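Colleague: Just one file: input_32.cif, with mmCIF, C-alpha atoms (C1' of nucleotides).
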```cif
data_run
loop_
_atom_site.label_atom_id
_atom_site.label_comp_id
_atom_site.auth_asym_id
_atom_site.auth_seq_id
_atom_site.Cartn_x
_atom_site.Cartn_y
_atom_site.Cartn_z
CA MET D 12 40.31 88.44 124.31
CA SER D 13 43.82 87.83 125.57
CA ILE D 14 43.62 90.92 127.80
CA MET D 15 40.32 89.69 129.19
CA VAL D 16 41.78 86.30 129.98
CA CYS D 17 44.52 87.95 132.00
CA MET D 18 42.16 90.32 133.80
CA HIS D 19 39.90 87.52 134.92
CA SER D 20 42.53 84.93 135.48
CA GLU D 21 42.43 85.04 139.28
CA ASP D 22 38.66 84.45 139.46
CA ILE D 23 38.90 81.67 136.91
CA LYS D 24 41.85 80.01 138.66
CA GLU D 25 39.99 80.13 141.96
CA GLU D 26 36.84 78.65 140.44
CA LEU D 27 38.77 75.78 138.89
CA ARG D 28 40.67 75.12 142.12
CA GLU D 29 37.41 74.95 144.08
CA LYS D 30 36.21 72.19 141.79
CA GLY D 31 39.49 70.31 141.89
CA ILE D 32 40.34 71.05 138.28
CA LYS D 33 43.90 71.86 137.23
CA ASN D 34 44.45 75.39 136.00
CA THR D 35 45.62 74.75 132.46
CA ARG D 36 45.51 76.85 129.33
CA ALA D 37 42.54 74.97 127.86
CA LYS D 38 40.53 74.83 131.08
CA SER D 39 40.88 78.49 131.99
CA LEU D 40 40.30 79.64 128.44
CA LEU D 41 37.14 77.56 128.07
CA LEU D 42 35.76 78.65 131.43
CA HIS D 43 36.48 82.25 130.55
CA ILE D 44 34.68 81.96 127.21
CA LEU D 45 31.69 80.25 128.82
CA LYS D 46 31.44 82.83 131.61
CA ASN D 47 31.43 85.66 129.10
CA ALA D 48 29.12 84.06 126.54
CA GLU D 49 25.74 85.67 125.90
CA ALA D 50 24.15 82.34 125.02
CA PRO D 51 24.84 78.62 125.21
CA MET D 52 27.57 77.35 122.88
CA ASP D 53 28.33 73.94 121.40
CA VAL D 54 31.67 72.14 121.03
CA ASN D 55 32.40 73.64 117.65
CA ASN D 56 31.57 77.20 118.68
CA LEU D 57 33.81 76.82 121.71
CA HIS D 58 36.62 75.17 119.79
CA ALA D 59 36.54 77.94 117.19
CA GLU D 60 36.56 80.59 119.92
CA CYS D 61 39.58 78.91 121.56
CA GLN D 62 41.52 78.96 118.30
CA LYS D 63 41.39 82.77 118.25
CA GLU D 64 43.57 82.67 121.34
CA THR D 65 45.69 79.57 121.13
CA SER D 66 45.68 76.07 119.69
CA VAL D 67 43.46 73.62 121.59
CA ASN D 68 42.61 70.14 120.38
CA LEU D 69 38.94 69.41 119.70
CA VAL D 70 39.16 66.28 121.86
CA THR D 71 40.32 68.43 124.75
CA VAL D 72 37.29 70.65 124.31
CA TYR D 73 34.98 67.62 124.39
CA ARG D 74 36.66 66.28 127.52
CA THR D 75 36.74 69.62 129.28
CA LEU D 76 33.06 70.29 128.69
CA GLN D 77 32.16 66.87 130.05
CA GLN D 78 34.22 67.58 133.12
CA PHE D 79 32.78 71.05 133.63
CA HIS D 80 29.32 69.55 133.47
CA GLU D 81 30.15 66.70 135.86
CA LYS D 82 31.57 69.19 138.34
CA ALA D 83 28.47 71.38 137.92
CA LEU D 84 30.41 74.32 136.55
CA VAL D 85 28.12 74.52 133.52
CA GLU D 86 24.69 73.37 132.38
CA GLU D 87 24.47 70.94 129.49
CA PHE D 88 21.48 70.42 127.24
CA MET D 89 20.91 68.84 123.87
CA GLY D 90 20.21 71.14 120.95
CA LYS D 91 17.73 70.58 118.14
CA ASP D 92 20.64 69.68 115.86
CA GLY D 93 21.89 66.92 118.15
CA ALA D 94 24.84 68.87 119.52
CA ASN D 95 25.15 69.45 123.25
CA GLN D 96 24.93 73.07 124.32
CA TYR D 97 26.86 74.44 127.31
CA GLU D 98 25.97 77.44 129.41
CA TYR D 99 27.56 78.91 132.50
CA ILE D 100 24.91 79.57 135.13
CA PRO D 101 26.03 82.04 137.82
CA GLU D 102 25.39 81.06 141.43
CA GLY D 103 21.78 81.70 142.43
CA SER D 104 20.58 82.75 139.02
CA ILE D 105 17.23 81.67 137.62
CA ALA D 106 16.72 79.32 134.67
CA HIS D 107 15.37 80.72 131.41
CA PRO D 108 13.94 79.27 128.18
CA HIS D 109 15.93 79.12 124.94
CA PHE D 110 15.23 79.53 121.28
CA GLN D 111 17.20 77.62 118.65
CA CYS D 112 17.06 78.39 114.94
CA GLU D 113 16.43 75.40 112.68
CA LYS D 114 18.44 76.98 109.85
CA CYS D 115 21.64 78.28 111.49
CA ASN D 116 21.32 76.35 114.80
CA LYS D 117 22.12 79.49 116.79
CA VAL D 118 20.80 79.42 120.36
CA ILE D 119 19.32 82.53 121.98
CA CYS D 120 18.45 83.04 125.65
CA LEU D 121 14.91 84.19 126.35
CA GLU D 122 13.47 86.05 129.34
CA GLU D 123 13.11 83.97 132.44
CA LEU D 124 9.63 82.73 133.40
CA GLY D 125 7.31 84.61 135.71
CA PHE D 126 6.97 81.61 138.01
CA ASP D 127 8.98 78.79 139.52
CA ASP D 128 9.21 76.33 136.67
CA ALA D 129 11.06 73.73 138.71
CA LEU D 130 8.16 73.50 141.16
CA TYR D 131 5.46 73.83 138.53
CA PHE D 132 6.67 71.14 136.15
CA SER D 133 8.24 68.74 138.58
CA ASN D 134 4.86 68.10 140.19
CA ARG D 135 4.06 66.27 136.99
CA ALA D 136 6.84 63.75 137.44
CA LYS D 137 6.72 63.07 141.16
CA HIS D 138 7.95 59.50 140.99
CA HIS D 139 11.10 60.38 139.08
CA LYS D 140 14.24 62.22 140.14
CA ILE D 141 14.37 65.53 138.28
CA ASN D 142 17.83 66.91 137.55
CA SER D 143 17.04 69.63 135.04
CA ILE D 144 14.23 71.32 133.15
CA HIS D 145 14.58 72.83 129.70
CA ILE D 146 12.14 74.88 127.73
CA MET D 147 13.14 75.06 124.08
CA LEU D 148 11.46 77.00 121.30
CA ASN D 149 12.37 76.10 117.74
CA GLY D 150 11.83 77.92 114.50
CA VAL D 151 13.63 80.43 112.33
CA CYS D 152 15.55 83.33 113.82
CA GLU D 153 15.15 86.96 112.80
CA GLU D 154 18.41 86.91 110.89
CA CYS D 155 17.63 83.77 108.88
CA LEU D 156 14.10 85.04 108.16
CA SER D 157 15.64 88.03 106.39
CA LEU D 158 17.81 85.88 104.11
CA PRO D 159 16.89 85.28 100.43
CA MET V 13 0.02 43.41 116.64
CA SER V 14 -0.78 41.96 113.22
CA ILE V 15 -4.47 41.85 114.08
CA MET V 16 -4.32 45.48 115.14
CA VAL V 17 -2.66 46.49 111.89
CA CYS V 18 -5.47 44.84 109.95
CA MET V 19 -8.20 46.37 112.12
CA HIS V 20 -6.87 49.88 111.68
CA SER V 21 -5.69 49.53 108.14
CA GLU V 22 -8.47 51.58 106.58
CA ASP V 23 -7.89 54.57 108.87
CA ILE V 24 -4.17 54.35 108.31
CA LYS V 25 -4.51 53.99 104.54
CA GLU V 26 -6.79 57.01 104.45
CA GLU V 27 -4.41 59.10 106.54
CA LEU V 28 -1.47 58.24 104.31
CA ARG V 29 -3.48 58.97 101.16
CA GLU V 30 -4.49 62.39 102.51
CA LYS V 31 -0.83 63.29 102.86
CA GLY V 32 0.12 61.93 99.46
CA ILE V 33 2.13 59.04 100.89
CA LYS V 34 2.01 55.59 99.29
CA ASN V 35 0.37 52.88 101.37
CA THR V 36 3.26 50.48 101.76
CA ARG V 37 4.05 47.89 104.41
CA ALA V 38 6.64 50.06 106.13
CA LYS V 39 4.60 53.28 106.04
CA SER V 40 1.38 51.80 107.37
CA LEU V 41 3.17 49.76 110.00
CA LEU V 42 5.14 52.75 111.27
CA LEU V 43 2.11 55.01 111.34
CA HIS V 44 0.19 52.34 113.20
CA ILE V 45 2.91 51.96 115.80
CA LEU V 46 3.20 55.72 116.26
CA LYS V 47 -0.56 56.18 116.59
CA ASN V 48 -0.74 53.51 119.27
CA ALA V 49 2.38 54.50 121.19
CA GLU V 50 2.01 55.79 124.73
CA ALA V 51 5.08 57.98 124.44
CA PRO V 52 7.47 59.34 121.83
CA MET V 53 9.80 56.77 120.25
CA ASP V 54 13.16 57.03 118.52
CA VAL V 55 14.39 55.34 115.34
CA ASN V 56 15.71 52.30 117.15
CA ASN V 57 12.57 51.75 119.22
CA LEU V 58 10.50 52.01 116.07
CA HIS V 59 12.78 49.78 114.04
CA ALA V 60 12.73 47.12 116.75
CA GLU V 61 8.94 47.34 116.97
CA CYS V 62 8.69 46.89 113.20
CA GLN V 63 10.82 43.76 113.30
CA LYS V 64 8.22 42.05 115.49
CA GLU V 65 5.89 42.22 112.53
CA THR V 66 8.04 42.09 109.42
CA SER V 67 11.49 42.96 108.16
CA VAL V 68 12.02 46.68 107.55
CA ASN V 69 15.37 48.26 106.79
CA LEU V 70 16.66 50.82 109.29
CA VAL V 71 17.25 53.28 106.45
CA THR V 72 13.60 53.02 105.51
CA VAL V 73 12.63 53.86 109.07
CA TYR V 74 14.87 56.95 109.02
CA ARG V 75 13.44 58.08 105.70
CA THR V 76 9.85 57.39 106.67
CA LEU V 77 10.11 59.35 109.91
CA GLN V 78 11.61 62.31 108.07
CA GLN V 79 8.74 62.18 105.62
CA PHE V 80 6.08 61.85 108.32
CA HIS V 81 7.53 64.89 110.02
CA GLU V 82 7.74 66.91 106.80
CA LYS V 83 4.12 66.08 106.04
CA ALA V 84 3.16 67.01 109.62
CA LEU V 85 1.92 63.53 110.48
CA VAL V 86 4.15 63.41 113.57
CA GLU V 87 6.04 65.75 115.88
CA GLU V 88 9.81 65.51 116.00
CA PHE V 89 12.02 66.63 118.84
CA MET V 90 15.57 65.95 119.91
CA GLY V 91 16.11 63.78 122.95
CA LYS V 92 18.71 64.23 125.67
CA ASP V 93 20.71 61.38 124.13
CA GLY V 94 20.92 63.05 120.71
CA ALA V 95 18.33 60.81 119.07
CA ASN V 96 15.24 62.36 117.50
CA GLN V 97 11.98 61.39 119.14
CA TYR V 98 8.74 61.01 117.18
CA GLU V 99 5.23 61.36 118.51
CA TYR V 100 1.85 61.21 116.80
CA ILE V 101 -0.26 64.18 117.85
CA PRO V 102 -3.97 63.71 117.20
CA GLU V 103 -5.82 66.56 115.47
CA GLY V 104 -6.66 69.35 117.92
CA SER V 105 -4.86 67.87 120.89
CA ILE V 106 -2.82 69.97 123.30
CA ALA V 107 0.96 69.84 123.70
CA HIS V 108 2.42 68.35 126.88
CA PRO V 109 5.84 68.28 128.57
CA HIS V 110 8.07 65.21 128.54
CA PHE V 111 10.45 63.52 130.91
CA GLN V 112 13.49 61.61 129.65
CA CYS V 113 15.57 59.34 131.84
CA GLU V 114 19.32 59.95 131.69
CA LYS V 115 20.06 56.27 132.39
CA CYS V 116 17.72 54.32 130.08
CA ASN V 117 16.75 57.23 127.78
CA LYS V 118 13.08 56.30 128.01
CA VAL V 119 10.70 59.18 127.31
CA ILE V 120 7.51 59.65 129.32
CA CYS V 121 4.63 62.01 128.56
CA LEU V 122 3.62 64.34 131.38
CA GLU V 123 0.32 66.11 132.05
CA GLU V 124 -0.39 69.00 129.77
CA LEU V 125 0.10 72.51 131.11
CA GLY V 126 -2.66 74.49 132.76
CA PHE V 127 -2.18 77.37 130.33
CA ASP V 128 -1.47 78.10 126.69
CA ASP V 129 2.28 77.55 126.47
CA ALA V 130 2.49 78.60 122.83
CA LEU V 131 1.17 82.05 123.69
CA TYR V 132 3.04 82.35 126.96
CA PHE V 133 6.50 81.45 125.72
CA SER V 134 6.32 82.78 122.21
CA ASN V 135 5.90 86.33 123.52
CA ARG V 136 9.53 85.99 124.54
CA ALA V 137 10.73 85.47 120.99
CA LYS V 138 8.60 87.91 119.05
CA HIS V 139 11.10 88.61 116.31
CA HIS V 140 11.58 84.97 115.41
CA LYS V 141 9.26 82.49 113.72
CA ILE V 142 8.26 79.83 116.25
CA ASN V 143 7.52 76.37 114.86
CA SER V 144 7.46 74.31 118.03
CA ILE V 145 7.87 74.46 121.80
CA HIS V 146 9.20 71.63 123.93
CA ILE V 147 9.38 71.34 127.68
CA MET V 148 11.76 68.58 128.70
CA LEU V 149 12.51 67.35 132.21
CA ASN V 150 15.60 65.21 132.66
CA GLY V 151 16.67 62.99 135.49
CA VAL V 152 16.30 59.38 136.55
CA CYS V 153 13.03 57.49 136.09
CA GLU V 154 11.26 55.52 138.81
CA GLU V 155 12.38 52.21 137.33
CA CYS V 156 16.08 53.15 137.08
CA LEU V 157 15.98 54.64 140.59
CA SER V 158 15.04 51.22 141.91
CA LEU V 159 17.97 49.46 140.23
CA PRO V 160 21.10 48.39 142.20
"C1'" DT N 11 -2.59 46.47 81.72
"C1'" DT N 12 0.96 49.46 81.88
"C1'" DG N 13 3.79 53.82 82.67
"C1'" DT N 14 5.71 56.47 86.22
"C1'" DA N 15 7.03 58.26 90.43
"C1'" DA N 16 7.65 56.72 95.01
"C1'" DA N 17 9.53 53.45 98.08
"C1'" DT N 18 12.91 50.07 99.45
"C1'" DG N 19 17.26 47.56 100.55
"C1'" DC N 20 21.97 47.22 100.39
"C1'" DA N 21 26.45 49.08 100.22
"C1'" DA N 22 29.14 52.86 100.65
"C1'" DT N 23 29.93 57.28 102.49
"C1'" DA N 24 30.00 61.08 105.64
"C1'" DT N 25 29.98 62.94 110.18
"C1'" DA N 26 30.29 63.21 115.09
"C1'" DT N 27 32.04 61.51 119.24
"C1'" DT N 28 34.88 58.48 122.07
"C1'" DT N 29 38.92 55.73 123.28
"C1'" DG N 30 43.85 54.28 123.77
"C1'" DC N 31 48.16 55.58 124.56
"C1'" DA N 32 52.42 58.16 124.79
"C1'" DT N 33 53.84 62.60 126.35
"C1'" DT N 34 53.49 66.82 128.86
"C1'" DT N 35 51.93 69.68 132.63
"C1'" DA N 36 50.30 71.48 137.13
"C1'" DC N 37 50.86 71.37 141.67
"C1'" DA N 38 51.40 69.28 146.30
"C1'" DT N 39 55.00 68.14 149.35
"C1'" DA N 40 59.40 66.81 150.55
"C1'" DT F 14 63.53 74.67 144.89
"C1'" DA F 15 63.33 69.94 143.35
"C1'" DT F 16 60.55 66.06 142.28
"C1'" DG F 17 56.80 62.44 142.31
"C1'" DT F 18 52.27 61.76 140.83
"C1'" DA F 19 47.89 62.27 138.99
"C1'" DA F 20 45.65 65.08 135.68
"C1'" DA F 21 45.61 66.98 131.22
"C1'" DT F 22 46.75 66.96 126.38
"C1'" DG F 23 47.33 65.73 121.44
"C1'" DC F 24 47.33 62.56 117.94
"C1'" DA F 25 45.69 58.52 115.73
"C1'" DA F 26 42.45 55.14 115.63
"C1'" DA F 27 38.13 53.21 116.71
"C1'" DT F 28 33.28 53.53 117.30
"C1'" DA F 29 28.72 55.05 116.64
"C1'" DT F 30 25.31 57.34 114.08
"C1'" DA F 31 23.09 59.17 110.18
"C1'" DT F 32 22.97 60.03 105.15
"C1'" DT F 33 23.53 59.18 100.18
"C1'" DG F 34 23.73 56.68 95.65
"C1'" DC F 35 21.94 53.45 92.98
"C1'" DA F 36 19.62 49.39 91.26
"C1'" DT F 37 15.32 47.12 92.02
"C1'" DT F 38 10.63 46.74 93.44
"C1'" DT F 39 6.10 48.54 94.40
"C1'" DA F 40 1.77 51.26 94.51
"C1'" DC F 41 -1.46 53.36 92.03
"C1'" DA F 42 -3.37 56.39 88.48
"C1'" DA F 43 -4.64 56.55 83.78
#
```
Show me, as structure tokens, the structure contained in the file I just sent.

Modeller:
Amino acid sequence: MSIMVCMHSEDIKEELREKGIKNTRAKSLLLHILKNAEAPMDVNNLHAECQKETSVNLVTVYRTLQQFHEKALVEEFMGKDGANQYEYIPEGSIAHPHFQCEKCNKVICLEELGFDDALYFSNRAKHHKINSIHIMLNGVCEECLSLP
Amino acid sequence: MSIMVCMHSEDIKEELREKGIKNTRAKSLLLHILKNAEAPMDVNNLHAECQKETSVNLVTVYRTLQQFHEKALVEEFMGKDGANQYEYIPEGSIAHPHFQCEKCNKVICLEELGFDDALYFSNRAKHHKINSIHIMLNGVCEECLSLP
DNA sequence: TTGTAAATGCAATATATTTGCATTTACATA
DNA sequence: TATGTAAATGCAAATATATTGCATTTACAA
């Protein structure tokens, strides 16, 4: 991971600068982890991942994720377990549904829809201002199904 | 409200009995409120609504909602604000998307989809066991938009 | 009528998240 | 390069939220 952080550091620095965020250890590390994640992560996942690299306070992780979300660097949505999930969405990419396991709380990204969900669903709430749309499937994941 | 509770009491009693739940003040009142609600409600909404009628402990509301969900009397899903939402789904009715306001946290039911969402989305998570699907739109509701 | 399991309320506990504040850090600019 | 300033950080404490334990009450079947 440390090699990766170094390799990508220029991109990360630039992305933080664009958003007016200081390039600190915690900020660049968290953005790096989020950009390379395969699925949304919650505060604890991200905090644990940070610890592999260096010591970062849990409060800092909370505050950084809030900031990233406010500055539209990442998407935020509430998981089935009541913990916010964070996901880096590359410029111009299309939203996709998620699955979250009720046993282990792991979140998995699913294939994107075959149509424009924003248009399709937002017609149903014309009088409100829509900021985000989330499709969440819940149940038991393959791994947990195979447990005793 | 008290008149309504009396009018519907036989239906409610029967429904509780079917699920093996004792017909107590709190249980029948909560089921009544949920069956007559226009939109999903959270623990605090439901507790407040109960107080209009009679005194019910908040812990009892928590425990009752858990039980109703376990016995499949109501649907449970997590709101944007981290509070579980509960909704009574009549036998044979079709799922619908929801909108939740980021300012006041109110949840609104939207028109049902024009296709079978369970089939459509669950194809994307074939290896997992799907228990529920929720489509949630977030933003600012009409009422909050009109505030200063 | 009465035995028993379920339901309830209250207090205490556990957990998650936020806030206050002193200190440190990044970074613009002098 | 030095330095002023606002942002970022860590720690402790506060707050908010949800759960548990336990004694008491209640519904309801036998």

Colleague: Need to verify the contact set: Val73 in chain V, 8 Å, all atoms listed in the file, exclusion of same-chain residues closer than 6 positions in sequence. Can you return it as a PDB file with C-alpha atoms, in the coordinates of the input?

Modeller:
```
ATOM      1  CA  ALA V  38       6.640  50.060 106.130  1.00  0.00           C
ATOM      2  CA  LEU V  42       5.140  52.750 111.270  1.00  0.00           C
ATOM      3  CA  VAL V  55      14.390  55.340 115.340  1.00  0.00           C
ATOM      4  CA  LEU V  58      10.500  52.010 116.070  1.00  0.00           C
ATOM      5  CA  HIS V  59      12.780  49.780 114.040  1.00  0.00           C
TER       6      HIS V  59
END
```

Colleague: Could you state which residues are captured by the PyMOL selection byres ((chain V) within 8 of (chain F)) in this file, as a short mmCIF file (atom, residue, chain, number, x, y, z; two decimals) with C-alpha atoms, keeping the file's coordinate frame?

Modeller:
```
data_model
loop_
_atom_site.label_atom_id
_atom_site.label_comp_id
_atom_site.auth_asym_id
_atom_site.auth_seq_id
_atom_site.Cartn_x
_atom_site.Cartn_y
_atom_site.Cartn_z
CA LYS V 34 2.01 55.59 99.29
CA ASN V 35 0.37 52.88 101.37
CA THR V 36 3.26 50.48 101.76
#
```

Colleague: Please identify all polymer residues within 8 Å of Ile141 in chain D, counting all atoms listed in the file, omitting same-chain residues fewer than 4 positions from it, and present them as a list in words.

Modeller: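 My reading of the contact set: Ser133 and Ala136 of chain D; Leu149, Asn150, Gly151 and Val152 of chain V.
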
Colleague: Do you have, as JSON lines, the list of residues of chain D lying at most 12 Å from chain N, each with its nearest atom pair and that distance in Å to one decimal, counting only C-alpha atoms (C1' of nucleotides) and ordered by chain then number?

Modeller:
```
{"residue": "D:Arg28", "atom": "CA", "partner": "N:DC37", "partner_atom": "C1'", "distance": 10.9}
{"residue": "D:Gly31", "atom": "CA", "partner": "N:DC37", "partner_atom": "C1'", "distance": 11.4}
{"residue": "D:Ile32", "atom": "CA", "partner": "N:DA36", "partner_atom": "C1'", "distance": 10.0}
{"residue": "D:Lys33", "atom": "CA", "partner": "N:DA36", "partner_atom": "C1'", "distance": 6.4}
{"residue": "D:Asn34", "atom": "CA", "partner": "N:DA36", "partner_atom": "C1'", "distance": 7.1}
{"residue": "D:Thr35", "atom": "CA", "partner": "N:DA36", "partner_atom": "C1'", "distance": 7.4}
{"residue": "D:Arg36", "atom": "CA", "partner": "N:DT35", "partner_atom": "C1'", "distance": 10.2}
{"residue": "D:Ala37", "atom": "CA", "partner": "N:DT35", "partner_atom": "C1'", "distance": 11.8}
{"residue": "D:Lys38", "atom": "CA", "partner": "N:DA36", "partner_atom": "C1'", "distance": 12.0}
{"residue": "D:Val54", "atom": "CA", "partner": "N:DT27", "partner_atom": "C1'", "distance": 10.8}
{"residue": "D:Asn55", "atom": "CA", "partner": "N:DA26", "partner_atom": "C1'", "distance": 10.9}
{"residue": "D:Leu69", "atom": "CA", "partner": "N:DT27", "partner_atom": "C1'", "distance": 10.5}
{"residue": "D:Val70", "atom": "CA", "partner": "N:DT28", "partner_atom": "C1'", "distance": 8.9}
{"residue": "D:Thr71", "atom": "CA", "partner": "N:DT28", "partner_atom": "C1'", "distance": 11.7}
{"residue": "D:Val72", "atom": "CA", "partner": "N:DT27", "partner_atom": "C1'", "distance": 11.7}
{"residue": "D:Tyr73", "atom": "CA", "partner": "N:DT27", "partner_atom": "C1'", "distance": 8.5}
{"residue": "D:Arg74", "atom": "CA", "partner": "N:DT28", "partner_atom": "C1'", "distance": 9.7}
{"residue": "D:Gln77", "atom": "CA", "partner": "N:DT28", "partner_atom": "C1'", "distance": 11.9}
{"residue": "D:Asp92", "atom": "CA", "partner": "N:DA26", "partner_atom": "C1'", "distance": 11.6}
{"residue": "D:Gly93", "atom": "CA", "partner": "N:DA26", "partner_atom": "C1'", "distance": 9.7}
{"residue": "D:Ala94", "atom": "CA", "partner": "N:DA26", "partner_atom": "C1'", "distance": 9.0}
{"residue": "D:Asn95", "atom": "CA", "partner": "N:DT27", "partner_atom": "C1'", "distance": 11.3}
```

Colleague: Write the selection just made, keeping C-alpha atoms, as a CSV table (one decimal), keeping the file's coordinate frame?

Modeller:
```csv
chain,number,residue,atom,x,y,z
D,28,ARG,CA,40.7,75.1,142.1
D,31,GLY,CA,39.5,70.3,141.9
D,32,ILE,CA,40.3,71.0,138.3
D,33,LYS,CA,43.9,71.9,137.2
D,34,ASN,CA,44.4,75.4,136.0
D,35,THR,CA,45.6,74.8,132.5
D,36,ARG,CA,45.5,76.8,129.3
D,37,ALA,CA,42.5,75.0,127.9
D,38,LYS,CA,40.5,74.8,131.1
D,54,VAL,CA,31.7,72.1,121.0
D,55,ASN,CA,32.4,73.6,117.6
D,69,LEU,CA,38.9,69.4,119.7
D,70,VAL,CA,39.2,66.3,121.9
D,71,THR,CA,40.3,68.4,124.8
D,72,VAL,CA,37.3,70.6,124.3
D,73,TYR,CA,35.0,67.6,124.4
D,74,ARG,CA,36.7,66.3,127.5
D,77,GLN,CA,32.2,66.9,130.0
D,92,ASP,CA,20.6,69.7,115.9
D,93,GLY,CA,21.9,66.9,118.2
D,94,ALA,CA,24.8,68.9,119.5
D,95,ASN,CA,25.2,69.4,123.2
```

Colleague: I need the residue set behind the PyMOL selection byres ((chain V) within 6 of (chain D)) for this file; please write it as a VMD selection string.

Modeller: chain V and resid 90 92 94 122 136 139 to 154

Colleague: Using 5 Å of padding on each side, determine the axis-aligned box around all atoms of range 13-28 of chain N present in the file and give its centre and edge lengths in Å to one decimal, as JSON.

Modeller:
```
{"center_x": 19.3, "center_y": 55.2, "center_z": 102.4, "size_x": 41.1, "size_y": 26.0, "size_z": 49.4}
```

Colleague: Suppose you want the space between CA of Leu130 in chain D and CA of Lys118 in chain V; what is it in Å?

Modeller: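 For CA of Leu130 in chain D relative to CA of Lys118 in chain V, the distance reads 22.2 Å.
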
Colleague: Please measure the separation of CA of Glu99 in chain V and CA of Pro52 in chain V, giving the value in Å to one decimal.

Modeller: 4.5 Å

Colleague: Taking all atoms listed in the file into account, name the residue in V:Glu27, V:Glu82, V:Glu65, V:Glu22 that is nearest to Pro102 in chain V.

Modeller: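 Using all atoms listed in the file, the shortest distance to Pro102 in chain V belongs to V:Glu27.
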
Colleague: Just to confirm, what's the straight-line distance from CA of Glu87 in chain V to CA of His107 in chain D in Å (one decimal)?

Modeller: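 Rounded to one decimal, the two atoms are 23.5 Å apart.
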
Colleague: Select, from D:Glu29, D:Glu60, D:Gln96, D:Leu40, the residue with the minimum atom-to-atom distance to Leu84 in chain D, counting all atoms listed in the file.

Modeller: D:Glu29

Colleague: Restricting the calculation to only C-alpha atoms, which member of D:Ile100, D:Ala106, D:Val118, D:Ala83 is positioned closest to Asn56 in chain D?

Modeller: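 Checking each candidate against Asn56 in chain D, we get D:Val118 as the closest.
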
Colleague: Would you kindly translate the PyMOL selection byres ((chain D and resi 43) around 9) into the concrete residues it picks from this file, as a list in words?

Modeller: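 That selection, the PyMOL selection byres ((chain D and resi 43) around 9), comes back as Met15, Val16, His19, Ser20, Ile23, Lys38, Ser39, Leu40, Leu41, Leu42, Ile44, Leu45, Lys46, Asn47 and Ala48 of chain D.
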